[in-house]
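*Asks:* Handing you this structure, nothing more for now.
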Amino acid sequence: MIETGTYLHQMRATAPLVHNITNYVAMNMMANVLLSAGASPAMVHAREEVAEFAGLAQTLTINIGTLDPAWAEAMEIAARTMNAAGRPWVLDPVGVGATRFRQEVCARLLLLRPTVIRGNASEILALSGLGGQGRGVDAADPVEAAETAARDLAGRTGAVVAVSGPVDFVTDGASAYRVLNGHALMPCVTALGCSLNGVIAAFIAGQEQLGATAAALAYYGLAGERAAQGAAGPGSFLTAFLDALHVLTPDDLRHGARVVAA
Amino acid sequence: MIETGTYLHQMRATAPLVHNITNYVAMNMMANVLLSAGASPAMVHAREEVAEFAGLAQTLTINIGTLDPAWAEAMEIAARTMNAAGRPWVLDPVGVGATRFRQEVCARLLLLRPTVIRGNASEILALSGLGGQGRGVDAADPVEAAETAARDLAGRTGAVVAVSGPVDFVTDGASAYRVLNGHALMPCVTALGCSLNGVIAAFIAGQEQLGATAAALAYYGLAGERAAQGAAGPGSFLTAFLDALHVLTPDDLRHGARVVAA
Amino acid sequence: MIETGTYLHQMRATAPLVHNITNYVAMNMMANVLLSAGASPAMVHAREEVAEFAGLAQTLTINIGTLDPAWAEAMEIAARTMNAAGRPWVLDPVGVGATRFRQEVCARLLLLRPTVIRGNASEILALSGLGGQGRGVDAADPVEAAETAARDLAGRTGAVVAVSGPVDFVTDGASAYRVLNGHALMPCVTALGCSLNGVIAAFIAGQEQLGATAAALAYYGLAGERAAQGAAGPGSFLTAFLDALHVLTPDDLRHGARVVAA
């Protein structure tokens, strides 16, 4: 059983500086999510400073949503910095199935040993080379279809792999969990998956990877459940979601988390 | 009479993948608007992948809000891809009257035959070469002042031209409609016009252009009317607007749309 | 005693076009803040048009949050344009203590005589060369620790210097004020500091610099106080904050402002 509340408590006590190289759509939401959760976000990408800044951060996220070559180079520099410092980083291979450019960049990033890889089922299938059906950035495959791919990808890369969906699946290749928390309104708000990367990165800073990732997923999904109570649509849900991230306590999470061994 | 509800129903049944090359201010809002409306947004701009990605999309929007030369090049590549595939695209000439650079880029984009051109009155006047008074990105001219320019621009380019304002005007050069839906709080929220481009793009995918554009304007304005009920200012209006886009049904639109021949 | 209400009234009567060269995280929020407050925001950064656009604007903000060399060049061009036109501009040296690149860019920008410099205590300390403790973009030093640095920086540069925090400190090197308005939820929403730059820029367009800056800080903090009433967390606070910026009247500000000589 995963001590979800303890992971949340520890994350807030540390309030890690989370360095994010992410897409333009997600930046604002991701920063608000991290502030609401209790971490300290920063977005820095220029080649002239990305290594120096990554050296100050406890943890890093890389998201290829609105990729271009200069940003891809910054991603590699920052990931190398985290490797050299022995600090964790999270990879989100947004829409990796859609273009050759994304596949090439992700192939290079995989060599830089991400600590956690998080994506939807189509992205994890595409990344593990098994071929997914993703046409854009939304999932076209069910989570179950990506479980074998996730275990395989985790085994090959040494990363914890998290597949987001109605029920999340997370594995380090050996053990695996399903996280049942969440709500159907979550895919109706943009960048909620991207912003989750930051929460995972904050949780895994200085904590055990698989447990911390599962705890982050449960915390995020539980905030979604709370936010959906009384929400009249995606707008009021978004507002209530940031509130819920802020007010949820470790005890709330201990009682509300629904994480089961897979 | 335009069957607004049918256009909305059909858009949601298709849930088109909408490729957007838009400005940094609008990206997040636009993605949320499209998800709330029932479409699937994606933002992709790098030369290395923009054609390949546009090839996957049902429809495209181009918005020159925070323009630079590399993005302008991506816009041309994506528009050409849509032309080659016989798929529609929407042009928003943000602030085209303000600088020579914007005028040059828009002149090139006009040659790539946009399916719909949407702007405020100052932008449509500037684009049609009649000279508007726009100083920044907000309109300084009334919609009525741009009606002749809109008809002329539509006639010359073959595009449907939509002029946004308190009462929208939309024409294909031959027929024209006025859309009376909307609310005074809408210009108090940034990127609402930009985000409307995405909704128009989603509506026109596989549907008749002029009717679908008018229906999209009515749907958007009606959502604004609903959102204004009980809003205490631009913040609560924004939240309620995303909710309204999500919950409005085709029947709601049939009853609430106020579209008249012009 | 500063006539805060008069400054707000005058800003809204002018509704200045505010040109912003700011970071990706802040752009949308900043535009919404300026629209809610009653100004007209625009974001333009390309070398090909930035001088021409700055020539149209009443006032400018520069924020180095997500810096790169091309944007830094645009910042210098725009600041020079404002200098040549005798118009004001606001500098926000985000995370200047974090990297050498930021320090070099800020050194160049300081030579272009910003009208107002606004930052947190760590940033003002770093900028004035006294050394702050800032690791990322959040303040690690109390406002009081930066008061001498602020007076010194103001004296050397001729700028009004504003230090944001629980109690803001603002000085032109000779006089100084403390602004007591504000709320503890404000640092839980991203880009609220960045967006304040825009409000300051709108207030100082055609108005006395030190008084207008103090009035802008009081207006912003008072909106935060109003928004916190009934807020359940950062999400509902953000929504209510935009509402409050919109509905606060000059009389509300006259009665609610808490500005004292320092």
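For the structure tokens, the naming scheme is as follows: chains receive sequential letters (A, B, ...) according to their order of presentation, residues are indexed from 1 within each chain, and ligands are indexed from 1 in presentation order.
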Residues of chain C that have any atom at most 9 Å from an atom of chain B: could you tabulate them with the shortest-distance atom pair and the distance in Å to one decimal, using only C-alpha atoms, ordered by chain and increasing number, as CSV?
*Replies:*
residue,atom,partner,partner_atom,distance
C:Leu17,CA,B:Gly136,CA,6.9
C:His19,CA,B:Gly136,CA,8.9
C:Tyr24,CA,B:Tyr24,CA,6.6
C:Ala26,CA,B:Val25,CA,8.5
C:Met27,CA,B:Val25,CA,5.2
C:Asn28,CA,B:Val25,CA,4.5
C:Met29,CA,B:Val25,CA,8.3
C:Met30,CA,B:Val25,CA,8.9
C:Ala31,CA,B:Thr190,CA,5.9
C:Asn32,CA,B:Thr190,CA,5.4
C:Val33,CA,B:Val189,CA,8.9
C:Leu35,CA,B:Cys188,CA,5.3
C:Ser36,CA,B:Cys188,CA,6.1
C:Gly38,CA,B:Cys188,CA,8.5
C:Ser40,CA,B:Asp138,CA,7.2
C:Pro41,CA,B:Val137,CA,7.9
C:Ala42,CA,B:Val137,CA,6.4
C:Met43,CA,B:Thr66,CA,6.3
C:Val44,CA,B:Thr66,CA,5.5
C:His45,CA,B:Thr66,CA,6.9
C:Ala46,CA,B:Asp68,CA,5.1
C:Arg47,CA,B:Asp68,CA,7.9
C:Glu48,CA,B:Phe101,CA,6.4
C:Glu49,CA,B:Phe101,CA,6.0
C:Val50,CA,B:Thr99,CA,8.8
C:Glu52,CA,B:Thr99,CA,6.3
C:Phe53,CA,B:Thr99,CA,6.5
C:Leu56,CA,B:Arg135,CA,6.6
C:Ala57,CA,B:Gly136,CA,7.9
C:Ser236,CA,B:Ser236,CA,8.9
C:Leu238,CA,B:Gly235,CA,7.5
C:Thr239,CA,B:Gly235,CA,4.3
C:Ala240,CA,B:Gly235,CA,6.1
C:Phe241,CA,B:Gly235,CA,7.2
C:Leu242,CA,B:Gly235,CA,4.8
C:Asp243,CA,B:Gly233,CA,4.1
C:Ala244,CA,B:Gly233,CA,7.3
C:Leu245,CA,B:Gly233,CA,8.6
C:His246,CA,B:Gly233,CA,6.3
C:Val247,CA,B:Gly233,CA,7.0
*Asks:* Tell me, which residues of region 102-236 of chain B carry DSSP strand (DSSP E), written as a list of chain:residue names?
*Replies:* B:Val116, B:Ile117, B:Arg118, B:Gly119, B:Asn120, B:Val160, B:Val161, B:Ala162, B:Val163, B:Ser164, B:Asp168, B:Phe169, B:Val170, B:Thr171, B:Ala176, B:Tyr177, B:Arg178, B:Val179
*Asks:* Give me, as a ChimeraX atom specification, all polymer residues having an atom no more than 12 Å from Gly173 (chain C), counting only C-alpha atoms and skipping those fewer than 3 positions away in the same chain.
*Replies:* /C:116,147-162,169-170,176-177,210,262
*Asks:* Tell me which of B:Ala85, B:Leu125, B:Ala37, B:Val90 sits closest to Tyr220 (chain B), counting only C-alpha atoms.
*Replies:*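 Smallest separation from Tyr220 (chain B) among the options: B:Ala37.
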*Asks:* Which residues are close to Gly256 (chain C), i.e. within 9 Å by only C-alpha atoms, leaving aside same-chain residues fewer than 2 positions away? Reply as number ranges by chain.
*Replies:* C: 181, 218-219, 222, 251-254, 258
*Asks:* Export N, CA and C atoms of the chosen residues as a PDB file, in the first residue's frame?
*Replies:*
ATOM      1  N   ASN C 181      -1.950  47.314   0.843  1.00  0.00           N
ATOM      2  CA  ASN C 181      -3.003  46.490   0.223  1.00  0.00           C
ATOM      3  C   ASN C 181      -2.419  45.183  -0.311  1.00  0.00           C
ATOM      4  N   ALA C 218      -1.712  50.037  -5.089  1.00  0.00           N
ATOM      5  CA  ALA C 218      -2.841  50.029  -4.162  1.00  0.00           C
ATOM      6  C   ALA C 218      -4.088  49.447  -4.828  1.00  0.00           C
ATOM      7  N   TYR C 219      -4.335  49.847  -6.061  1.00  0.00           N
ATOM      8  CA  TYR C 219      -5.485  49.335  -6.834  1.00  0.00           C
ATOM      9  C   TYR C 219      -5.405  47.821  -6.973  1.00  0.00           C
ATOM     10  N   LEU C 222      -5.844  46.113  -3.572  1.00  0.00           N
ATOM     11  CA  LEU C 222      -7.238  46.201  -3.128  1.00  0.00           C
ATOM     12  C   LEU C 222      -8.106  45.205  -3.893  1.00  0.00           C
ATOM     13  N   ASP C 251     -13.684  55.768  -6.519  1.00  0.00           N
ATOM     14  CA  ASP C 251     -14.085  56.007  -5.126  1.00  0.00           C
ATOM     15  C   ASP C 251     -13.753  54.819  -4.226  1.00  0.00           C
ATOM     16  N   ASP C 252     -13.990  53.603  -4.741  1.00  0.00           N
ATOM     17  CA  ASP C 252     -13.581  52.417  -3.971  1.00  0.00           C
ATOM     18  C   ASP C 252     -12.098  52.492  -3.622  1.00  0.00           C
ATOM     19  N   LEU C 253     -11.315  52.905  -4.601  1.00  0.00           N
ATOM     20  CA  LEU C 253      -9.865  52.948  -4.385  1.00  0.00           C
ATOM     21  C   LEU C 253      -9.503  54.030  -3.376  1.00  0.00           C
ATOM     22  N   ARG C 254     -10.143  55.192  -3.501  1.00  0.00           N
ATOM     23  CA  ARG C 254      -9.874  56.282  -2.539  1.00  0.00           C
ATOM     24  C   ARG C 254     -10.129  55.823  -1.102  1.00  0.00           C
ATOM     25  N   ARG C 258      -4.363  51.846   1.009  1.00  0.00           N
ATOM     26  CA  ARG C 258      -3.592  52.032   2.237  1.00  0.00           C
ATOM     27  C   ARG C 258      -2.134  52.279   1.854  1.00  0.00           C
TER      28      ARG C 258
END
*Asks:* Just the number, please: distance in Å from CA of Gln209 (chain A) to CA of Pro142 (chain A), one decimal.
*Replies:*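 Atom-to-atom, CA of Gln209 (chain A) and CA of Pro142 (chain A) are spaced 24.5 Å apart.
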*Asks:* Give me every helix (DSSP H, G or I) residue in region 53-214 of chain C, going by DSSP on the backbone, as a PyMOL selection string.
*Replies:* chain C and resi 53-54+69-85+100-110+121-127+143-157+186-188+192-204+209-214
*Asks:* So how many Å separate CA of Ser128 (chain C) and CA of Leu109 (chain C), to one decimal?
*Replies:*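 Between these atoms lies a distance of 13.1 Å.
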*Asks:* So that I can see what lies close to Leu127 (chain B), please list as a ChimeraX atom specification the residues with an atom at most 9 Å from it, counting only C-alpha atoms and leaving out residues fewer than 2 positions away in the same chain.
*Replies:* /B:93,96-97,103,106-107,122-125,129-132,149,153
*Asks:* Could you please determine the separation between CA of Pro88 (chain A) and CA of Thr59 (chain A) in Å, to one decimal place?
*Replies:*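 Separation between CA of Pro88 (chain A) and CA of Thr59 (chain A): 5.4 Å.
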*Asks:* I'd like the neighbourhood of Glu208 (chain B) as a list in words, where a residue qualifies if any of its atoms comes within 12 Å (using only C-alpha atoms), though same-chain residues fewer than 2 positions away should be ignored.
*Replies:*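 Counting only the stated atoms, we get Ile2, Glu3, Thr4, Thr6, Tyr7, Gln10, Met11, Pro88, Thr115, Val116, Val160, Asp172, Ile200, Ala201, Ala202, Phe203, Ile204, Ala205, Gly206, Leu210, Gly211, Ala212, Thr213, Ala214, Ala215 and Ala216 of chain B.
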